[in-house]
file entry_39.txt (compact mmCIF, C-alpha atoms)
# COMPACT_ATOMS: atom_id res chain seq x y z
CA MET G 5 15.63 -17.09 -30.51
CA SER G 6 16.73 -18.51 -33.86
CA THR G 7 13.25 -18.10 -35.37
CA THR G 8 13.04 -14.49 -34.17
CA ALA G 9 16.51 -13.70 -35.51
CA GLN G 10 15.63 -15.27 -38.86
CA CYS G 11 12.47 -13.14 -39.09
CA TYR G 12 14.49 -10.00 -38.34
CA TYR G 13 17.13 -11.07 -40.86
CA THR G 14 14.52 -11.60 -43.57
CA ALA G 15 12.94 -8.20 -42.85
CA ALA G 16 16.35 -6.48 -42.96
CA ARG G 17 17.28 -8.17 -46.24
CA ASP G 18 13.92 -7.19 -47.76
CA GLU G 19 14.54 -3.56 -46.82
CA VAL G 20 18.03 -3.71 -48.33
CA LEU G 21 16.58 -4.95 -51.61
CA LEU G 22 13.86 -2.29 -51.51
CA ARG G 23 16.39 0.48 -50.89
CA LEU G 24 18.57 -0.82 -53.72
CA ARG G 25 15.62 -0.55 -56.10
CA LEU G 26 14.72 2.92 -54.82
CA ARG G 27 18.31 4.11 -55.18
CA ASP G 28 18.45 2.93 -58.77
CA GLN G 29 15.10 4.57 -59.49
CA VAL G 30 16.31 7.91 -58.09
CA LEU G 31 19.45 7.70 -60.22
CA LEU G 32 17.44 6.86 -63.34
CA ALA G 33 14.90 9.65 -62.68
CA TYR G 34 17.69 12.20 -62.20
CA THR G 35 19.47 11.08 -65.38
CA VAL G 36 16.29 11.45 -67.44
CA ALA G 37 15.33 14.80 -65.85
CA GLY G 38 18.84 16.25 -66.09
CA SER G 39 19.27 15.21 -69.71
CA SER G 40 15.87 16.66 -70.62
CA VAL G 41 16.63 20.00 -68.95
CA ILE G 42 20.05 20.32 -70.58
CA GLY G 43 18.60 19.37 -73.95
CA LEU G 44 15.83 21.94 -73.50
CA SER G 45 18.34 24.67 -72.65
CA LEU G 46 20.54 23.91 -75.66
CA SER G 47 17.61 23.86 -78.07
CA ASP G 48 16.51 27.29 -76.76
CA ILE G 49 12.82 26.45 -77.09
CA THR G 50 11.91 28.45 -73.98
CA SER G 51 11.93 32.22 -73.78
CA ILE G 52 14.35 32.24 -70.85
CA GLY G 53 17.19 30.74 -72.87
CA ASN G 54 19.76 28.44 -71.29
CA THR G 55 18.96 29.70 -67.78
CA VAL G 56 16.70 26.66 -67.49
CA ALA G 57 19.88 24.52 -67.30
CA LEU G 58 20.48 25.94 -63.81
CA ILE G 59 17.75 23.60 -62.58
CA VAL G 60 20.19 20.69 -62.95
CA PRO G 61 22.39 21.53 -59.90
CA PHE G 62 19.23 21.62 -57.75
CA LEU G 63 18.24 18.22 -59.09
CA ALA G 64 21.79 16.99 -58.52
CA VAL G 65 21.91 17.85 -54.84
CA GLY G 66 18.50 16.25 -54.28
CA ALA G 67 19.58 13.06 -56.05
CA SER G 68 22.88 13.04 -54.13
CA ILE G 69 21.14 13.30 -50.76
CA LEU G 70 18.61 10.58 -51.57
CA ILE G 71 21.17 8.18 -53.07
CA SER G 72 23.63 8.75 -50.20
CA ALA G 73 20.90 8.21 -47.60
CA HIS G 74 19.96 4.89 -49.21
CA SER G 75 23.62 3.82 -49.51
CA ILE G 76 24.34 4.54 -45.83
CA ALA G 77 21.13 2.78 -44.74
CA ILE G 78 21.99 -0.25 -46.89
CA THR G 79 25.46 -0.41 -45.33
CA HIS G 80 24.16 -0.29 -41.76
CA LEU G 81 21.41 -2.80 -42.52
CA GLY G 82 24.13 -5.11 -43.80
CA SER G 83 26.03 -4.74 -40.53
CA TYR G 84 22.79 -5.46 -38.65
CA THR G 85 22.30 -8.72 -40.56
CA VAL G 86 25.83 -9.73 -39.61
CA LYS G 87 24.90 -9.38 -35.92
CA LEU G 88 21.76 -11.42 -36.53
CA LYS G 89 23.92 -14.14 -38.11
CA ASP G 90 25.71 -14.63 -34.78
CA ALA G 91 22.36 -15.09 -33.03
CA ILE G 92 21.19 -17.57 -35.67
CA ASP G 93 24.47 -19.51 -35.58
CA SER G 94 24.36 -19.81 -31.79
CA CYS G 95 21.03 -21.66 -32.06
CA ARG G 96 21.94 -24.04 -34.86
CA VAL G 97 22.22 -27.73 -34.04
CA HIS G 98 24.91 -28.51 -36.59
CA LYS G 99 27.40 -25.79 -35.71
CA GLU G 100 30.14 -27.36 -37.79
CA VAL G 101 28.27 -26.37 -40.96
CA ALA G 102 29.43 -22.90 -42.05
CA VAL G 103 26.58 -20.55 -42.91
CA GLU G 104 27.59 -17.18 -44.39
CA PRO G 105 25.00 -14.60 -45.47
CA TRP G 106 25.91 -12.44 -48.45
CA ASP G 107 26.69 -9.42 -46.26
CA TYR G 108 29.28 -11.44 -44.32
CA SER G 109 30.67 -13.69 -47.04
CA GLU G 110 34.24 -13.69 -48.28
CA VAL G 111 33.00 -12.88 -51.80
CA TYR G 112 31.16 -9.77 -50.54
CA MET G 113 34.19 -8.59 -48.57
CA TYR G 114 36.42 -8.88 -51.63
CA TYR G 115 33.82 -7.25 -53.89
CA SER G 116 33.22 -4.32 -51.52
CA GLU G 117 36.90 -3.60 -50.98
CA LYS G 118 37.70 -3.63 -54.71
CA ASN G 119 34.66 -1.78 -56.04
CA SER G 120 33.70 0.87 -53.46
CA GLY G 121 35.70 3.52 -55.34
CA LYS G 122 34.01 2.62 -58.62
CA ARG G 123 30.59 3.28 -57.08
CA LEU G 124 31.67 6.76 -55.99
CA SER G 125 33.18 7.50 -59.41
CA GLY G 126 30.00 6.38 -61.13
CA HIS G 127 27.76 8.52 -58.94
CA ILE G 128 29.96 11.57 -59.46
CA PHE G 129 30.03 11.03 -63.20
CA VAL G 130 26.27 10.52 -63.54
CA ILE G 131 25.14 13.17 -61.03
CA CYS G 132 27.77 15.90 -60.85
CA ILE G 133 29.13 16.03 -64.39
CA PRO G 134 25.77 17.06 -65.95
CA ALA G 135 25.40 19.73 -63.25
CA ILE G 136 28.90 21.05 -63.96
CA PHE G 137 28.13 21.02 -67.68
CA SER G 138 24.99 23.08 -67.07
CA LEU G 139 27.08 25.66 -65.21
CA ILE G 140 29.55 25.83 -68.09
CA VAL G 141 26.73 26.30 -70.59
CA THR G 142 25.22 29.19 -68.61
CA PHE G 143 28.46 30.88 -67.53
CA ASP G 144 28.41 33.44 -70.35
CA GLN G 145 25.35 35.13 -68.83
CA VAL G 146 26.93 35.70 -65.42
CA VAL G 147 27.40 39.45 -64.96
CA TYR G 148 28.16 41.94 -62.21
CA PRO G 149 26.24 43.55 -60.56
CA PHE G 150 24.46 40.26 -60.10
CA THR G 151 21.24 39.53 -61.91
CA LEU G 152 18.83 36.73 -61.03
CA HIS G 153 20.66 34.48 -63.48
CA SER G 154 23.99 35.25 -61.81
CA VAL G 155 22.60 34.49 -58.35
CA LEU G 156 21.14 31.20 -59.56
CA TRP G 157 24.47 30.33 -61.19
CA LEU G 158 26.37 30.94 -57.93
CA CYS G 159 23.78 28.89 -56.07
CA GLY G 160 24.34 26.15 -58.63
CA VAL G 161 28.08 26.16 -57.93
CA CYS G 162 27.41 25.80 -54.20
CA LEU G 163 24.94 22.97 -54.83
CA VAL G 164 27.42 21.07 -57.02
CA VAL G 165 30.02 21.34 -54.25
CA TRP G 166 27.40 20.16 -51.76
CA SER G 167 26.54 17.21 -54.00
CA LEU G 168 30.20 16.20 -54.18
CA TYR G 169 30.49 16.45 -50.39
CA VAL G 170 27.35 14.37 -49.78
CA LEU G 171 28.49 11.62 -52.16
CA ALA G 172 32.03 11.60 -50.75
CA ASN G 173 30.73 11.49 -47.16
CA ALA G 174 28.47 8.53 -47.97
CA HIS G 175 31.44 6.77 -49.56
CA ILE G 176 33.59 7.39 -46.46
CA VAL G 177 30.87 6.09 -44.11
CA ARG G 178 30.35 3.01 -46.26
CA LYS G 179 34.10 2.36 -46.62
CA ARG G 180 34.66 2.69 -42.87
CA GLU G 181 31.82 0.26 -42.11
CA ILE G 182 32.98 -2.25 -44.70
CA ASP G 183 36.59 -2.06 -43.46
CA SER G 184 35.37 -2.72 -39.92
CA ARG G 185 33.35 -5.69 -41.15
CA VAL G 186 36.32 -7.05 -43.11
CA HIS G 187 38.58 -6.68 -40.05
CA THR G 188 36.06 -8.54 -37.87
CA TYR G 189 35.67 -11.22 -40.53
CA GLU G 190 39.44 -11.76 -40.78
CA LEU G 191 39.78 -12.01 -36.98
CA LYS G 192 36.97 -14.54 -36.86
CA LYS G 193 38.59 -16.58 -39.62
CA GLN G 194 41.86 -16.62 -37.67
CA ARG G 195 40.07 -17.67 -34.47
CA ASP G 196 38.17 -20.41 -36.28
CA GLU G 197 41.36 -21.64 -37.92
CA ALA G 198 43.16 -21.68 -34.57
CA GLU G 199 40.23 -23.54 -33.00
CA ARG G 200 40.23 -26.14 -35.79
CA ASN G 201 43.97 -26.61 -35.46
CA SER G 202 43.64 -27.00 -31.69
CA LYS G 203 40.89 -29.61 -32.06
CA LYS G 204 42.94 -31.42 -34.69
CA ALA G 205 45.99 -31.41 -32.41
CA VAL G 206 43.94 -32.82 -29.52
CA LYS G 207 42.42 -35.46 -31.80
CA ASP G 208 45.86 -36.43 -33.13
CA ALA G 209 47.23 -36.63 -29.60
CA LEU G 210 44.37 -38.89 -28.50
CA GLU G 211 44.83 -41.03 -31.57
CA ALA G 212 48.56 -41.32 -30.90
CA GLU G 213 47.91 -42.24 -27.25
CA LYS G 214 45.40 -44.86 -28.36
CA ASN G 215 47.91 -46.32 -30.82
CA ASN G 216 50.61 -46.40 -28.13
CA LYS G 217 48.30 -48.27 -25.78
CA GLN G 218 47.48 -50.72 -28.52
CA LEU G 219 51.18 -51.32 -29.20
CA ILE G 220 51.83 -51.90 -25.50
CA GLU G 221 48.96 -54.37 -25.28
CA ASP G 222 50.17 -56.21 -28.40
CA ALA G 223 53.67 -56.42 -26.96
call {"tool": "encode", "arguments": {"input": "entry_39.txt", "output": "structure tokens"}}
result
Amino acid sequence: MSTTAQCYYTAARDEVLLRLRLRDQVLLAYTVAGSSVIGLSLSDITSIGNTVALIVPFLAVGASILISAHSIAITHLGSYTVKLKDAIDSCRVHKEVAVEPWDYSEVYMYYSEKNSGKRLSGHIFVICIPAIFSLIVTFDQVVYPFTLHSVLWLCGVCLVVWSLYVLANAHIVRKREIDSRVHTYELKKQRDEAERNSKKAVKDALEAEKNNKQLIEDA
């Protein structure tokens, strides 16, 4: 059982690392593509003017969906490794030795609680701000009755809102999962502490009884 759980744990950790790399690659690709499109629209090299900047909101929503999907998968894979830890611990010979994987360590719990908001802020700044900037740049060409440019601009507004929703939803899912993991971790720490205190009390009582018997025998 322990060997099987360890194999599953290794596979889950490998996928977490892979998804972390893929998430960073998506973010980097979007940053490069978005910056290039905005730069192209401002330089007015193309014949369509700054309308080309309206591509950025479409890129933003795609990047948001991919990054959020990876973030949610990484969070649930982390919770899965925590369950595998219990199976591995139950098969260990030296149970008194504490073994904490990164996903279930006190350092990770503290880090996740303190920095989850920073991750959301960073994603919004990198993904949504360029898209909003592209809408500001192209706003002067929005007219009524609507032209193709105006329709694309309104679609861009909807896509930016969608991007914000997707990123916020991923943050909420991740925060809820981490909070649940932290709560479970704290309860386990309390149970372990109570168990250690109970064992210590029993040991002290036995030691005291042994000393009393020794005193009686010496008397």
call {"tool": "closest_residue", "arguments": {"input": "entry_39.txt", "among": "G:Val20, G:Glu211, G:Val41, G:Asn54", "to": "Asp144 (chain G)", "atoms": "only C-alpha atoms"}}
result
G:Asn54
call {"tool": "closest_residue", "arguments": {"input": "entry_39.txt", "among": "G:Leu158, G:Gly126, G:Ile78, G:Gln29", "to": "Gln145 (chain G)", "atoms": "all atoms listed in the file"}}
result
G:Leu158
call {"tool": "closest_residue", "arguments": {"input": "entry_39.txt", "among": "G:Asn215, G:Ser116, G:Ser125, G:Ser68", "to": "Arg185 (chain G)", "atoms": "only C-alpha atoms"}}
result
G:Ser116
call {"tool": "atom_distance", "arguments": {"input": "entry_39.txt", "atom1": "CA of His187 (chain G)", "atom2": "CA of Thr79 (chain G)"}}
result
15.5 Å
call {"tool": "atom_distance", "arguments": {"input": "entry_39.txt", "atom1": "CA of Leu21 (chain G)", "atom2": "CA of Leu163 (chain G)"}}
result
29.3 Å
call {"tool": "atom_distance", "arguments": {"input": "entry_39.txt", "atom1": "CA of Pro134 (chain G)", "atom2": "CA of Tyr34 (chain G)"}}
result
10.1 Å
call {"tool": "closest_residue", "arguments": {"input": "entry_39.txt", "among": "G:Tyr148, G:Trp166, G:Arg195, G:Thr8", "to": "Ile128 (chain G)", "atoms": "all atoms listed in the file"}}
result
G:Trp166
call {"tool": "residues_around", "arguments": {"input": "entry_39.txt", "residues": "region 170-182 of chain G", "least_positions_apart": "2", "cutoff": "8 Å", "atoms": "only C-alpha atoms", "output": "mmCIF file with C-alpha atoms, in the frame of the given file"}}
result
data_model
loop_
_atom_site.group_PDB
_atom_site.id
_atom_site.type_symbol
_atom_site.label_atom_id
_atom_site.label_comp_id
_atom_site.auth_asym_id
_atom_site.auth_seq_id
_atom_site.Cartn_x
_atom_site.Cartn_y
_atom_site.Cartn_z
ATOM 1 C CA SER G 68 22.880 13.040 -54.130
ATOM 2 C CA ILE G 69 21.140 13.300 -50.760
ATOM 3 C CA SER G 72 23.630 8.750 -50.200
ATOM 4 C CA ALA G 73 20.900 8.210 -47.600
ATOM 5 C CA SER G 75 23.620 3.820 -49.510
ATOM 6 C CA ILE G 76 24.340 4.540 -45.830
ATOM 7 C CA THR G 79 25.460 -0.410 -45.330
ATOM 8 C CA HIS G 80 24.160 -0.290 -41.760
ATOM 9 C CA SER G 83 26.030 -4.740 -40.530
ATOM 10 C CA MET G 113 34.190 -8.590 -48.570
ATOM 11 C CA SER G 116 33.220 -4.320 -51.520
ATOM 12 C CA GLU G 117 36.900 -3.600 -50.980
ATOM 13 C CA SER G 120 33.700 0.870 -53.460
ATOM 14 C CA GLY G 121 35.700 3.520 -55.340
ATOM 15 C CA LEU G 124 31.670 6.760 -55.990
ATOM 16 C CA HIS G 127 27.760 8.520 -58.940
ATOM 17 C CA ILE G 128 29.960 11.570 -59.460
ATOM 18 C CA TRP G 166 27.400 20.160 -51.760
ATOM 19 C CA SER G 167 26.540 17.210 -54.000
ATOM 20 C CA LEU G 168 30.200 16.200 -54.180
ATOM 21 C CA SER G 184 35.370 -2.720 -39.920
ATOM 22 C CA ARG G 185 33.350 -5.690 -41.150
ATOM 23 C CA VAL G 186 36.320 -7.050 -43.110
#
call {"tool": "residues_around", "arguments": {"input": "entry_39.txt", "residues": "Ile71 (chain G)", "least_positions_apart": "3", "cutoff": "8 Å", "atoms": "all atoms listed in the file", "output": "number ranges by chain"}}
result
G: 27, 30-31, 67-68, 74-75
call {"tool": "residues_around", "arguments": {"input": "entry_39.txt", "residues": "region 137-141 of chain G", "least_positions_apart": "3", "cutoff": "9 Å", "atoms": "only C-alpha atoms", "output": "list in words"}}
result
Ile42, Ser45, Leu46, Asn54, Thr55, Ala57, Leu58, Ile59, Val60, Pro61, Cys132, Ile133, Pro134, Asp144, Trp157, Gly160 and Val161 of chain G
